[in-house]
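Engineer: My questions will all concern the structure given below.
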Amino acid sequence: MNPHSDRLTTGDDRNALRMERRLAHPPAKIWAAITDPAQIGRWFPAEVTVELRPGGAMT
């Protein structure tokens, strides 16, 4: 069984990558790790800007 589910879709001149993971941490801790700029810097190898909305960009 593959524990990861990754899917790349294209449409409307856009690409979308959907990645699903099952993690052992509480959802609130995961959400903070991927949305709080201070926490993203601990694990992501570059400076990140995140638009916190559905369809928002991550640059």
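For the structure tokens, the naming scheme is as follows: chains receive sequential letters (A, B, ...) according to their order of presentation, residues are indexed from 1 within each chain, and ligands are indexed from 1 in presentation order.
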Can you list, as a list of chain:residue names, every protein, DNA or RNA residue that comes within 10 Å of A:Asp36 when you count only C-alpha atoms, leaving out same-chain residues fewer than 4 positions away?
Structural biologist: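 Counting only C-alpha atoms, the residues come to A:Trp31, A:Ala32, A:Ile40, A:Gly41, A:Val48, A:Thr49, A:Val50.
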Engineer: Save out the residues we just selected, all heavy atoms, as a PDB file, in the first residue's frame.
Structural biologist:
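So the final result, stored in selection.pdb, reads:
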ATOM      1  N   TRP A  31      -1.126  22.411  10.747  1.00  0.00           N
ATOM      2  CA  TRP A  31      -1.585  23.654  10.133  1.00  0.00           C
ATOM      3  C   TRP A  31      -0.620  24.800  10.451  1.00  0.00           C
ATOM      4  O   TRP A  31      -0.260  25.574   9.570  1.00  0.00           O
ATOM      5  CB  TRP A  31      -3.008  23.980  10.594  1.00  0.00           C
ATOM      6  CG  TRP A  31      -3.545  25.209   9.935  1.00  0.00           C
ATOM      7  CD1 TRP A  31      -3.777  26.408  10.515  1.00  0.00           C
ATOM      8  CD2 TRP A  31      -3.901  25.352   8.555  1.00  0.00           C
ATOM      9  NE1 TRP A  31      -4.259  27.305   9.591  1.00  0.00           N
ATOM     10  CE2 TRP A  31      -4.340  26.671   8.374  1.00  0.00           C
ATOM     11  CE3 TRP A  31      -3.882  24.488   7.458  1.00  0.00           C
ATOM     12  CZ2 TRP A  31      -4.766  27.163   7.146  1.00  0.00           C
ATOM     13  CZ3 TRP A  31      -4.309  24.984   6.228  1.00  0.00           C
ATOM     14  CH2 TRP A  31      -4.749  26.299   6.088  1.00  0.00           C
ATOM     15  N   ALA A  32      -0.197  24.899  11.692  1.00  0.00           N
ATOM     16  CA  ALA A  32       0.755  25.950  12.067  1.00  0.00           C
ATOM     17  C   ALA A  32       2.076  25.786  11.316  1.00  0.00           C
ATOM     18  O   ALA A  32       2.677  26.769  10.867  1.00  0.00           O
ATOM     19  CB  ALA A  32       0.992  25.941  13.576  1.00  0.00           C
ATOM     20  N   ILE A  40       7.467  27.712   9.001  1.00  0.00           N
ATOM     21  CA  ILE A  40       7.849  27.220   7.673  1.00  0.00           C
ATOM     22  C   ILE A  40       9.364  27.290   7.508  1.00  0.00           C
ATOM     23  O   ILE A  40       9.984  26.381   6.968  1.00  0.00           O
ATOM     24  CB  ILE A  40       7.146  28.020   6.558  1.00  0.00           C
ATOM     25  CG1 ILE A  40       5.649  27.751   6.562  1.00  0.00           C
ATOM     26  CG2 ILE A  40       7.730  27.674   5.190  1.00  0.00           C
ATOM     27  CD1 ILE A  40       4.855  28.649   5.636  1.00  0.00           C
ATOM     28  N   GLY A  41       9.959  28.357   8.008  1.00  0.00           N
ATOM     29  CA  GLY A  41      11.402  28.540   7.895  1.00  0.00           C
ATOM     30  C   GLY A  41      12.213  27.461   8.587  1.00  0.00           C
ATOM     31  O   GLY A  41      13.385  27.273   8.278  1.00  0.00           O
ATOM     32  N   VAL A  48       9.340  31.713   2.129  1.00  0.00           N
ATOM     33  CA  VAL A  48       8.031  31.344   1.602  1.00  0.00           C
ATOM     34  C   VAL A  48       7.004  32.426   1.899  1.00  0.00           C
ATOM     35  O   VAL A  48       6.983  32.989   2.986  1.00  0.00           O
ATOM     36  CB  VAL A  48       7.553  30.004   2.227  1.00  0.00           C
ATOM     37  CG1 VAL A  48       6.166  29.652   1.751  1.00  0.00           C
ATOM     38  CG2 VAL A  48       8.525  28.902   1.908  1.00  0.00           C
ATOM     39  N   THR A  49       6.145  32.686   0.916  1.00  0.00           N
ATOM     40  CA  THR A  49       4.976  33.525   1.096  1.00  0.00           C
ATOM     41  C   THR A  49       3.759  32.679   0.779  1.00  0.00           C
ATOM     42  O   THR A  49       3.728  32.007  -0.255  1.00  0.00           O
ATOM     43  CB  THR A  49       5.029  34.750   0.151  1.00  0.00           C
ATOM     44  OG1 THR A  49       6.217  35.481   0.408  1.00  0.00           O
ATOM     45  CG2 THR A  49       3.828  35.646   0.358  1.00  0.00           C
ATOM     46  N   VAL A  50       2.766  32.694   1.665  1.00  0.00           N
ATOM     47  CA  VAL A  50       1.585  31.843   1.496  1.00  0.00           C
ATOM     48  C   VAL A  50       0.336  32.709   1.532  1.00  0.00           C
ATOM     49  O   VAL A  50       0.164  33.527   2.428  1.00  0.00           O
ATOM     50  CB  VAL A  50       1.504  30.784   2.614  1.00  0.00           C
ATOM     51  CG1 VAL A  50       0.277  29.916   2.444  1.00  0.00           C
ATOM     52  CG2 VAL A  50       2.759  29.943   2.657  1.00  0.00           C
TER      53      VAL A  50
END
Engineer: Out of stretch 5-35 of chain A, which residues get helix (DSSP H, G or I) from DSSP, as an NGL selection string?
Structural biologist: :A and (27-35)
Engineer: Tell me, as a PyMOL selection string, which residues lie within 12 Å of A:Ala16, counting only C-alpha atoms; anything in the same chain fewer than 2 positions away does not count.
Structural biologist: chain A and resi 6-14+18-19+55-58
Engineer: Taking all heavy atoms for each residue, export the selection above as a compact mmCIF listing (two decimals), in the first residue's frame.
Structural biologist:
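Saved the output as result_31.txt:
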# COMPACT_ATOMS: atom_id res chain seq x y z
N ASP A 6 -0.19 11.51 -4.49
CA ASP A 6 0.18 12.75 -5.17
C ASP A 6 -0.49 12.76 -6.54
O ASP A 6 -0.51 11.74 -7.24
CB ASP A 6 1.69 12.85 -5.35
CG ASP A 6 2.44 12.83 -4.03
OD1 ASP A 6 1.82 13.12 -2.99
OD2 ASP A 6 3.64 12.53 -4.04
N ARG A 7 -1.01 13.92 -6.93
CA ARG A 7 -1.68 14.01 -8.22
C ARG A 7 -1.41 15.37 -8.83
O ARG A 7 -1.61 16.40 -8.19
CB ARG A 7 -3.17 13.81 -8.02
CG ARG A 7 -3.95 13.72 -9.29
CD ARG A 7 -5.40 13.35 -9.05
NE ARG A 7 -5.74 13.43 -7.63
CZ ARG A 7 -6.96 13.60 -7.17
NH1 ARG A 7 -7.95 13.70 -7.98
NH2 ARG A 7 -7.19 13.65 -5.87
N LEU A 8 -0.94 15.40 -10.07
CA LEU A 8 -0.74 16.63 -10.82
C LEU A 8 -1.84 16.72 -11.86
O LEU A 8 -2.05 15.79 -12.64
CB LEU A 8 0.63 16.63 -11.51
CG LEU A 8 0.93 17.85 -12.38
CD1 LEU A 8 0.96 19.12 -11.55
CD2 LEU A 8 2.24 17.66 -13.12
N THR A 9 -2.57 17.83 -11.84
CA THR A 9 -3.62 18.04 -12.83
C THR A 9 -3.35 19.35 -13.56
O THR A 9 -2.70 20.25 -13.03
CB THR A 9 -5.01 18.10 -12.18
OG1 THR A 9 -5.04 19.15 -11.21
CG2 THR A 9 -5.38 16.79 -11.51
N THR A 10 -3.84 19.43 -14.78
CA THR A 10 -3.72 20.65 -15.56
C THR A 10 -5.08 21.02 -16.11
O THR A 10 -5.91 20.16 -16.39
CB THR A 10 -2.72 20.49 -16.72
OG1 THR A 10 -3.16 19.41 -17.54
CG2 THR A 10 -1.32 20.18 -16.21
N GLY A 11 -5.31 22.28 -16.23
CA GLY A 11 -6.57 22.76 -16.78
C GLY A 11 -6.64 24.27 -16.66
O GLY A 11 -6.04 24.86 -15.76
N ASP A 12 -7.35 24.90 -17.57
CA ASP A 12 -7.48 26.36 -17.54
C ASP A 12 -6.11 27.04 -17.52
O ASP A 12 -5.92 28.03 -16.82
CB ASP A 12 -8.32 26.83 -16.35
CG ASP A 12 -9.73 26.28 -16.37
OD1 ASP A 12 -10.26 26.11 -17.49
OD2 ASP A 12 -10.28 26.01 -15.29
N ASP A 13 -5.15 26.47 -18.25
CA ASP A 13 -3.79 27.03 -18.32
C ASP A 13 -3.11 27.08 -16.95
O ASP A 13 -2.27 27.95 -16.70
CB ASP A 13 -3.79 28.42 -18.96
CG ASP A 13 -4.24 28.38 -20.40
OD1 ASP A 13 -3.91 27.40 -21.10
OD2 ASP A 13 -4.92 29.33 -20.85
N ARG A 14 -3.49 26.18 -16.04
CA ARG A 14 -2.88 26.13 -14.70
C ARG A 14 -2.51 24.70 -14.37
O ARG A 14 -3.14 23.76 -14.82
CB ARG A 14 -3.85 26.65 -13.64
CG ARG A 14 -4.19 28.11 -13.78
CD ARG A 14 -5.11 28.56 -12.68
NE ARG A 14 -4.48 28.28 -11.39
CZ ARG A 14 -5.05 28.53 -10.24
NH1 ARG A 14 -6.24 29.05 -10.18
NH2 ARG A 14 -4.44 28.26 -9.10
N ARG A 18 -1.63 18.13 -5.95
CA ARG A 18 -2.31 17.76 -4.70
C ARG A 18 -1.51 16.63 -4.06
O ARG A 18 -1.27 15.59 -4.68
CB ARG A 18 -3.74 17.29 -4.99
CG ARG A 18 -4.46 16.91 -3.72
CD ARG A 18 -5.86 16.45 -4.02
NE ARG A 18 -6.50 16.04 -2.80
CZ ARG A 18 -7.66 16.49 -2.38
NH1 ARG A 18 -8.32 17.36 -3.11
NH2 ARG A 18 -8.18 16.05 -1.26
N MET A 19 -1.10 16.87 -2.83
CA MET A 19 -0.32 15.89 -2.08
C MET A 19 -1.07 15.59 -0.78
O MET A 19 -1.45 16.50 -0.07
CB MET A 19 1.07 16.45 -1.77
CG MET A 19 1.85 16.82 -3.00
SD MET A 19 3.36 17.71 -2.64
CE MET A 19 4.34 16.41 -1.93
N GLY A 55 -7.10 27.90 -3.05
CA GLY A 55 -6.51 28.26 -4.34
C GLY A 55 -5.39 29.27 -4.22
O GLY A 55 -4.84 29.71 -5.22
N GLY A 56 -5.03 29.64 -2.99
CA GLY A 56 -3.99 30.64 -2.78
C GLY A 56 -2.62 30.14 -3.24
O GLY A 56 -2.36 28.95 -3.27
N ALA A 57 -1.77 31.07 -3.57
CA ALA A 57 -0.43 30.74 -4.07
C ALA A 57 0.55 30.56 -2.93
O ALA A 57 0.40 31.14 -1.85
CB ALA A 57 0.06 31.86 -4.98
N MET A 58 1.55 29.75 -3.17
CA MET A 58 2.68 29.57 -2.26
C MET A 58 3.92 29.83 -3.10
O MET A 58 4.20 29.13 -4.06
CB MET A 58 2.71 28.16 -1.69
CG MET A 58 3.82 27.92 -0.73
SD MET A 58 3.68 26.23 -0.06
CE MET A 58 4.80 26.34 1.30
Engineer: Atom CA of A:Gln39 and atom CA of A:Arg22 are how many Å apart?
Structural biologist: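 Separating atom CA of A:Gln39 from atom CA of A:Arg22 is a distance of 19.5 Å.
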Engineer: Just how far from atom CA of A:Pro26 is atom CA of A:Ala46, in Å to one decimal?
Structural biologist: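 Separation between atom CA of A:Ala46 and atom CA of A:Pro26: 24.8 Å.
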